[in-house]
$ cat input13.cif   # mmCIF, C-alpha atoms
data_target
#
loop_
_atom_site.label_atom_id
_atom_site.label_comp_id
_atom_site.auth_asym_id
_atom_site.auth_seq_id
_atom_site.Cartn_x
_atom_site.Cartn_y
_atom_site.Cartn_z
CA MET A 1 -8.02 -47.80 -6.78
CA VAL A 2 -7.03 -48.36 -10.40
CA ILE A 3 -5.73 -45.38 -12.38
CA SER A 4 -5.88 -45.90 -16.12
CA THR A 5 -3.01 -44.51 -18.23
CA THR A 6 -4.90 -45.01 -21.45
CA HIS A 7 -5.54 -41.84 -23.44
CA SER A 8 -6.49 -41.07 -26.98
CA ARG A 9 -4.06 -38.23 -27.68
CA ALA A 10 -0.99 -36.47 -26.29
CA SER A 11 -1.16 -33.47 -24.00
CA SER A 12 -0.38 -29.99 -25.29
CA GLU A 13 3.25 -28.89 -25.36
CA GLN A 14 2.67 -26.38 -22.52
CA ALA A 15 0.95 -28.94 -20.30
CA GLN A 16 2.94 -29.99 -17.22
CA PHE A 17 2.29 -32.42 -14.36
CA PHE A 18 3.63 -32.15 -10.79
CA SER A 19 3.11 -34.11 -7.62
CA TYR A 20 1.44 -32.22 -4.78
CA GLY A 21 4.73 -31.92 -2.89
CA GLU A 22 6.48 -30.43 -5.92
CA ALA A 23 4.03 -27.59 -6.49
CA ALA A 24 1.77 -26.99 -3.48
CA ASN A 25 4.08 -24.40 -1.90
CA PRO A 26 6.16 -22.68 -4.61
CA ILE A 27 7.25 -19.95 -2.19
CA ARG A 28 8.93 -22.48 0.12
CA SER A 29 10.72 -24.09 -2.81
CA GLY A 30 11.96 -20.72 -4.07
CA LEU A 31 9.96 -20.73 -7.32
CA THR A 32 7.90 -17.77 -6.15
CA SER A 33 10.08 -15.05 -4.65
CA LEU A 34 9.26 -13.43 -1.31
CA VAL A 35 8.30 -9.78 -1.09
CA PRO A 36 11.50 -8.13 0.16
CA TYR A 37 12.02 -5.60 2.92
CA ARG A 38 12.82 -2.28 1.28
CA SER A 39 12.71 1.42 2.05
CA PHE A 40 12.84 4.35 -0.35
CA SER A 41 14.54 7.62 0.57
CA PRO A 42 12.68 10.94 0.22
CA THR A 43 15.76 12.67 -1.28
CA PHE A 44 14.04 12.46 -4.69
CA PHE A 45 11.76 15.27 -3.55
CA ASP A 46 14.75 17.58 -2.94
CA ASP A 47 15.62 17.84 -6.64
CA THR A 48 14.09 20.32 -9.07
CA GLY A 49 11.95 19.72 -12.13
CA SER A 50 8.90 17.54 -12.63
CA ALA A 51 9.52 13.80 -12.55
CA VAL A 52 8.14 10.39 -11.51
CA LEU A 53 10.18 7.75 -9.69
CA ALA A 54 8.72 4.24 -9.67
CA LEU A 55 9.63 2.38 -6.47
CA ASP A 56 10.41 -0.69 -8.51
CA LEU A 57 11.12 -4.12 -7.02
CA SER A 58 10.15 -6.14 -10.09
CA ALA A 59 13.61 -7.71 -10.40
CA GLU A 60 13.37 -9.10 -6.85
CA LEU A 61 9.77 -10.18 -7.44
CA ASN A 62 10.62 -11.79 -10.78
CA CYS A 63 7.74 -10.06 -12.54
CA ASN A 64 7.23 -7.48 -15.25
CA GLY A 65 7.65 -3.98 -13.88
CA PRO A 66 7.42 -1.51 -12.56
CA ALA A 67 6.03 -3.10 -9.42
CA THR A 68 6.59 -2.56 -5.70
CA GLY A 69 4.61 -5.67 -4.82
CA PRO A 70 2.87 -8.43 -6.76
CA SER A 71 -0.27 -6.33 -7.17
CA LEU A 72 0.72 -2.70 -6.51
CA CYS A 73 3.17 -0.10 -7.74
CA ALA A 74 4.17 2.89 -5.60
CA ASN A 75 5.75 6.02 -7.03
CA PHE A 76 7.19 9.33 -5.89
CA ILE A 77 6.07 12.33 -7.95
CA ARG A 78 7.72 15.74 -8.03
CA VAL A 79 5.74 18.57 -9.69
CA HIS A 80 7.92 21.64 -10.24
CA ASP A 81 8.04 24.29 -12.98
CA THR A 82 6.34 22.21 -15.68
CA GLU A 83 3.12 20.21 -15.79
CA LEU A 84 3.37 16.46 -15.35
CA ARG A 85 1.16 13.79 -16.91
CA THR A 86 0.57 10.44 -15.19
CA ALA A 87 -1.13 7.37 -16.64
CA ALA A 88 -1.49 3.75 -15.58
CA VAL A 89 -3.41 0.76 -16.93
CA ALA A 90 -5.07 0.34 -13.55
CA THR A 91 -8.49 0.14 -11.93
CA SER A 92 -7.46 2.31 -8.95
CA GLN A 93 -4.96 5.12 -8.42
CA LEU A 94 -4.32 6.94 -5.15
CA PHE A 95 -2.40 10.23 -4.92
CA PHE A 96 -1.38 11.54 -1.49
CA VAL A 97 -0.03 15.08 -1.27
CA ALA A 98 3.12 14.88 0.82
CA ASP A 99 3.93 18.57 0.38
CA GLY A 100 3.06 21.68 -1.59
CA GLU A 101 0.00 22.97 -3.39
CA GLY A 102 -1.25 22.42 -6.90
CA GLU A 103 -3.94 21.21 -9.24
CA THR A 104 -4.87 18.05 -11.10
CA GLU A 105 -7.02 17.64 -14.19
CA ALA A 106 -8.44 14.12 -14.50
CA CYS A 107 -11.62 12.36 -15.64
CA GLY A 108 -13.01 15.67 -16.90
CA GLU A 109 -12.73 17.26 -13.44
CA HIS A 110 -10.47 19.83 -11.80
CA PHE A 111 -9.02 19.28 -8.31
CA SER A 112 -7.06 21.76 -6.20
CA TRP A 113 -4.88 20.18 -3.55
CA SER A 114 -2.53 20.99 -0.70
CA LYS A 115 -0.46 19.05 1.83
CA GLY A 116 -2.33 16.10 3.36
CA ASP A 117 -5.06 15.88 0.71
CA MET A 118 -5.76 12.67 -1.17
CA LEU A 119 -7.19 12.04 -4.64
CA VAL A 120 -8.35 8.62 -5.82
CA LEU A 121 -8.98 7.99 -9.52
CA PRO A 122 -10.69 5.08 -11.30
CA ALA A 123 -9.80 3.29 -14.53
CA GLY A 124 -9.03 5.75 -17.30
CA GLY A 125 -7.77 8.25 -14.74
CA ASP A 126 -4.97 9.79 -16.82
CA ALA A 127 -4.06 13.02 -15.04
CA ILE A 128 -2.20 16.29 -15.59
CA HIS A 129 -0.63 17.79 -12.47
CA THR A 130 0.65 21.33 -11.96
CA SER A 131 2.02 23.12 -8.91
CA ARG A 132 2.27 26.78 -8.06
CA SER A 133 5.39 26.05 -6.01
CA LYS A 134 6.80 22.53 -5.67
CA GLY A 135 4.48 19.60 -5.11
CA ALA A 136 5.42 16.20 -3.73
CA LEU A 137 2.99 13.32 -4.27
CA TYR A 138 2.92 9.64 -3.30
CA TRP A 139 1.15 7.63 -6.02
CA VAL A 140 0.01 4.01 -5.70
CA HIS A 141 -1.92 2.01 -8.31
CA ASP A 142 -2.84 -1.59 -9.09
CA ALA A 143 -1.38 -1.92 -12.61
CA PRO A 144 0.86 -4.89 -11.62
CA LEU A 145 -2.25 -6.91 -10.71
CA LEU A 146 -3.86 -6.24 -14.09
CA ARG A 147 -0.59 -6.98 -15.88
CA HIS A 148 -0.42 -10.37 -14.16
CA LEU A 149 -4.01 -11.15 -15.11
CA GLY A 150 -3.45 -10.03 -18.70
CA VAL A 151 -6.43 -7.67 -18.64
CA THR A 152 -7.27 -4.03 -19.19
CA PRO A 153 -10.13 -2.26 -17.37
CA SER A 154 -13.36 -2.01 -19.32
CA GLU A 155 -15.24 0.28 -16.93
CA SER A 156 -14.80 2.62 -13.99
CA ARG A 157 -15.97 1.13 -10.72
CA PHE A 158 -16.24 4.46 -8.84
CA GLU A 159 -16.16 8.20 -9.40
CA PRO A 160 -13.01 10.30 -8.84
CA THR A 161 -12.94 10.92 -5.09
CA PHE A 162 -11.22 13.70 -3.15
CA TYR A 163 -10.36 13.40 0.56
CA SER A 164 -9.43 16.71 2.16
CA HIS A 165 -6.73 16.95 4.82
CA LEU A 166 -9.10 19.05 6.93
CA ASP A 167 -11.77 16.35 6.97
CA SER A 168 -9.46 13.37 7.51
CA GLN A 169 -7.56 15.10 10.33
CA GLY A 170 -10.82 16.19 11.93
CA ARG A 171 -12.17 12.64 11.88
CA LEU A 172 -8.87 11.31 13.20
CA ALA A 173 -8.99 13.80 16.09
CA ASP A 174 -12.54 12.68 16.93
CA ILE A 175 -11.47 9.04 17.00
CA ALA A 176 -8.43 9.80 19.17
CA ALA A 177 -10.58 11.75 21.66
CA SER A 178 -13.27 9.05 21.93
CA PRO A 179 -13.33 6.54 24.83
CA SER A 180 -12.68 3.67 22.42
CA GLY A 181 -9.81 5.58 20.80
CA ALA A 182 -8.07 5.98 24.13
CA ARG A 183 -8.04 2.18 24.55
CA ALA A 184 -7.29 1.25 20.93
CA ASN A 185 -4.07 -0.36 19.75
CA ARG A 186 -4.42 1.62 16.49
CA VAL A 187 -5.68 5.22 16.42
CA SER A 188 -6.48 5.76 12.79
CA VAL A 189 -9.07 6.76 10.23
CA LEU A 190 -9.83 4.37 7.38
CA LEU A 191 -10.73 5.98 4.08
CA GLY A 192 -13.84 4.50 2.51
CA ASN A 193 -15.94 4.96 -0.59
CA ALA A 194 -19.74 4.75 -0.79
CA ALA A 195 -19.39 2.55 -3.89
CA PHE A 196 -17.95 -0.29 -1.77
CA PRO A 197 -20.18 -0.85 1.27
CA GLN A 198 -19.10 -4.49 1.68
CA THR A 199 -15.42 -3.77 2.18
CA ARG A 200 -15.50 -0.15 3.45
CA THR A 201 -12.28 0.47 1.55
CA VAL A 202 -11.02 3.38 -0.52
CA THR A 203 -11.49 1.37 -3.76
CA HIS A 204 -12.38 -2.21 -4.63
CA THR A 205 -8.66 -3.14 -4.64
CA LEU A 206 -6.97 -0.49 -2.47
CA TRP A 207 -7.15 0.13 1.27
CA ALA A 208 -5.78 3.29 2.89
CA MET A 209 -5.46 4.45 6.48
CA LEU A 210 -4.20 7.65 8.06
CA GLY A 211 -2.84 6.73 11.46
CA ILE A 212 -1.33 8.59 14.38
CA LEU A 213 1.45 7.05 16.47
CA PRO A 214 1.47 9.15 19.64
CA ALA A 215 4.73 10.07 21.31
CA GLY A 216 6.00 7.40 23.68
CA GLN A 217 3.59 4.73 22.47
CA GLU A 218 3.95 1.30 20.88
CA GLN A 219 1.41 -0.32 18.61
CA LYS A 220 1.65 -4.03 19.29
CA PRO A 221 2.26 -6.63 16.57
CA HIS A 222 -0.35 -7.56 14.02
CA ARG A 223 -0.31 -9.15 10.58
CA HIS A 224 -2.46 -9.47 7.45
CA GLN A 225 -2.17 -11.13 4.05
CA SER A 226 -2.15 -7.83 2.15
CA ILE A 227 1.11 -6.07 1.32
CA ALA A 228 1.53 -2.65 2.99
CA LEU A 229 3.26 0.20 1.17
CA ASP A 230 3.77 2.55 4.10
CA PHE A 231 4.43 6.27 3.68
CA ALA A 232 5.84 8.20 6.66
CA VAL A 233 3.75 11.38 6.58
CA ASP A 234 5.38 13.12 9.53
CA CYS A 235 7.80 11.90 12.18
CA GLU A 236 10.93 12.66 14.16
CA PRO A 237 13.94 10.35 14.64
CA GLY A 238 13.05 7.55 17.04
CA CYS A 239 10.01 6.22 15.16
CA TYR A 240 10.37 2.77 13.67
CA THR A 241 8.63 -0.45 12.67
CA LEU A 242 9.72 -3.97 13.64
CA ILE A 243 8.88 -6.71 11.11
CA GLY A 244 9.26 -10.48 11.33
CA THR A 245 7.68 -13.84 10.70
CA GLU A 246 7.32 -15.22 14.24
CA LEU A 247 6.36 -14.17 17.77
CA ASP A 248 7.85 -15.27 21.08
CA ASP A 249 5.72 -16.46 24.00
CA GLN A 250 5.33 -12.83 25.14
CA GLY A 251 3.82 -11.74 21.82
CA ARG A 252 6.99 -9.93 20.70
CA ILE A 253 8.49 -10.30 17.23
CA LEU A 254 11.40 -12.73 17.05
CA ASN A 255 14.59 -11.55 15.29
CA PRO A 256 12.84 -8.53 13.74
CA HIS A 257 13.92 -6.38 10.84
CA ARG A 258 13.91 -2.75 12.01
CA GLU A 259 12.70 -0.06 9.60
CA ASP A 260 13.36 3.47 10.86
CA TRP A 261 10.87 6.08 9.71
CA VAL A 262 11.98 9.17 7.82
CA ALA A 263 9.42 11.84 6.92
CA GLY A 264 8.58 11.52 3.23
CA ALA A 265 10.05 8.02 2.91
CA ALA A 266 8.21 4.84 1.97
CA PHE A 267 8.83 1.27 3.06
CA VAL A 268 7.44 -2.18 2.31
CA THR A 269 5.83 -4.46 4.89
CA PRO A 270 5.57 -7.92 3.28
CA PRO A 271 2.24 -9.77 3.45
CA GLY A 272 1.76 -12.21 6.31
CA TYR A 273 4.57 -10.73 8.43
CA TRP A 274 4.09 -9.57 12.00
CA HIS A 275 4.85 -5.86 12.49
CA SER A 276 4.74 -3.38 15.36
CA HIS A 277 5.15 0.41 15.36
CA HIS A 278 7.18 2.33 17.96
CA ASN A 279 7.53 6.04 18.74
CA GLU A 280 10.44 6.97 20.99
CA SER A 281 10.85 10.45 19.47
CA GLY A 282 8.90 12.61 21.93
CA ALA A 283 6.59 13.92 19.15
CA ASP A 284 3.46 12.48 17.56
CA ALA A 285 3.99 10.76 14.21
CA TYR A 286 1.69 10.01 11.27
CA VAL A 287 1.81 7.16 8.78
CA LEU A 288 -0.21 6.27 5.67
CA PRO A 289 -0.25 2.54 4.81
CA ILE A 290 -1.70 1.70 1.39
CA GLN A 291 -2.51 -1.96 0.78
CA ASP A 292 -4.24 -4.30 -1.66
CA ALA A 293 -6.61 -5.11 1.21
CA GLY A 294 -9.68 -3.95 -0.70
CA LEU A 295 -9.19 -6.97 -2.93
CA HIS A 296 -8.27 -9.30 -0.05
CA THR A 297 -11.27 -8.20 2.00
CA TYR A 298 -13.59 -8.96 -0.91
CA LEU A 299 -11.91 -12.36 -1.43
CA ARG A 300 -12.23 -13.08 2.33
CA THR A 301 -8.47 -13.70 2.53
CA LEU A 302 -7.23 -10.68 4.52
CA ASP A 303 -6.93 -12.72 7.75
CA ILE A 304 -5.90 -9.84 10.02
CA LEU A 305 -4.57 -10.99 13.40
CA PHE A 306 -3.30 -9.19 16.52
CA SER A 307 -0.70 -10.62 18.90
CA ASN A 308 -2.91 -9.99 21.94
#
$ encode --input "input13.cif" --output "structure tokens"
Amino acid sequence: MVISTTHSRASSEQAQFFSYGEAANPIRSGLTSLVPYRSFSPTFFDDTGSAVLALDLSAELNCNGPATGPSLCANFIRVHDTELRTAAVATSQLFFVADGEGETEACGEHFSWSKGDMLVLPAGGDAIHTSRSKGALYWVHDAPLLRHLGVTPSESRFEPTFYSHLDSQGRLADIAASPSGARANRVSVLLGNAAFPQTRTVTHTLWAMLGILPAGQEQKPHRHQSIALDFAVDCEPGCYTLIGTELDDQGRILNPHREDWVAGAAFVTPPGYWHSHHNESGADAYVLPIQDAGLHTYLRTLDILFSN
């Protein structure tokens, strides 16, 4: 094969050329940083006054922030005494009510909420939150993805959607009581939206699951290519997640990082890492993972695997 080096004009100043080995795996070479292990304490919710705390890892990710992962940003919200306005240049926003009661005005609609409820807003979903007592919210949106792409949303892909605690817990109880639920490695309810029948996800980019980890049980390792921003809804000491990159010949995680659950705390499970959940507390526990798996499912890249 003859490769000609003849050309009529010089390349642009920004143009670069790399061999395959130099650029095919920028994560391995350290050019692209790994998603770090990290947990975020719920002590923010103990303070008074209305405020937002971005769970920001943008320095570790070497990207513009705030960002908790390459495509998602998680936040703690405290609504107390004064109204609070939230806004994000995002296609999808999910608010989970960790505690309290209150109201939200968004997209021309009024929503009343209490502990365990969930509200999902589309592009343009600027919101005003108020609480009659003291509200604690977990807020996740996909603004980092849009920031990376250099785009702003031009349309809403779904209507504002409310998921009541009563309905989600009722469906979860039905699943747990079913014959298949008794045998399942994961007892959980996935939140879907009728606008996305292909992916059966809560939005076109976000995926959300309310799961129960029964007392004395272990959920064996699995992995997926989406990042998980896990929120510990309710748990007692003795609940934890093991996370690592490899399995031994028994299907156990080698040299795992242990992340102990604390009610109201959030932690990051990096994409592609094996993780298992354990409950040695003597009481049932609940967890809410929020992921960018709506996008990965549509792209056919989620690649979810179980150890056995």
$ residues_around --input "input13.cif" --residues "Thr203 in chain A" --least-positions-apart "3" --cutoff "12 Å" --atoms "all atoms listed in the file" --output "ChimeraX atom specification"
/A:90-94,119-123,140-142,156-161,190-200,206-208,290-298
$ residues_around --input "input13.cif" --residues "range 165-182 of chain A" --least-positions-apart "6" --cutoff "6 Å" --atoms "all atoms listed in the file" --output "number ranges by chain"
A: 116-117, 189
$ write_last_selection --input "input13.cif" --atoms "C-alpha atoms" --output "PDB file, keeping the file's coordinate frame"
ATOM      1  CA  GLY A 116      -2.330  16.100   3.360  1.00  0.00           C
ATOM      2  CA  ASP A 117      -5.060  15.880   0.710  1.00  0.00           C
ATOM      3  CA  VAL A 189      -9.070   6.760  10.230  1.00  0.00           C
TER       4      VAL A 189
END
$ atom_distance --input "input13.cif" --atom1 "CA of Asp56 in chain A" --atom2 "CA of Ala74 in chain A"
7.8 Å
$ residues_around --input "input13.cif" --residues "Ser114 in chain A" --least-positions-apart "2" --cutoff "8 Å" --atoms "only C-alpha atoms" --output "ChimeraX atom specification"
/A:97,99-102,112,116-117
$ residues_around --input "input13.cif" --residues "Glu60 in chain A" --least-positions-apart "2" --cutoff "10 Å" --atoms "all atoms listed in the file" --output "list of chain:residue names"
A:Ser33, A:Leu34, A:Val35, A:Pro36, A:Asp56, A:Leu57, A:Ser58, A:Asn62, A:Cys63, A:Ala67, A:Thr68, A:Gly69
$ closest_residue --input "input13.cif" --among "A:Ser226, A:Ala88, A:Asp46, A:Ala136" --to "Arg300 in chain A" --atoms "all atoms listed in the file"
A:Ser226
$ atom_distance --input "input13.cif" --atom1 "CA of Leu61 in chain A" --atom2 "CA of Met118 in chain A"
28.3 Å
$ atom_distance --input "input13.cif" --atom1 "CA of Leu210 in chain A" --atom2 "CA of Val287 in chain A"
6.1 Å
$ closest_residue --input "input13.cif" --among "A:Leu137, A:Ala15, A:Ala54, A:Val268" --to "Ile227 in chain A" --atoms "only C-alpha atoms"
A:Val268
$ residues_around --input "input13.cif" --residues "Arg223 in chain A" --least-positions-apart "5" --cutoff "9 Å" --atoms "only C-alpha atoms" --output "list in words"
Pro271, Gly272, Tyr273, Trp274, His275, Asp303, Ile304, Leu305, Phe306 and Ser307 of chain A
$ closest_residue --input "input13.cif" --among "A:Pro42, A:Pro26, A:Gly135, A:Gly108" --to "Val79 in chain A" --atoms "all atoms listed in the file"
A:Gly135
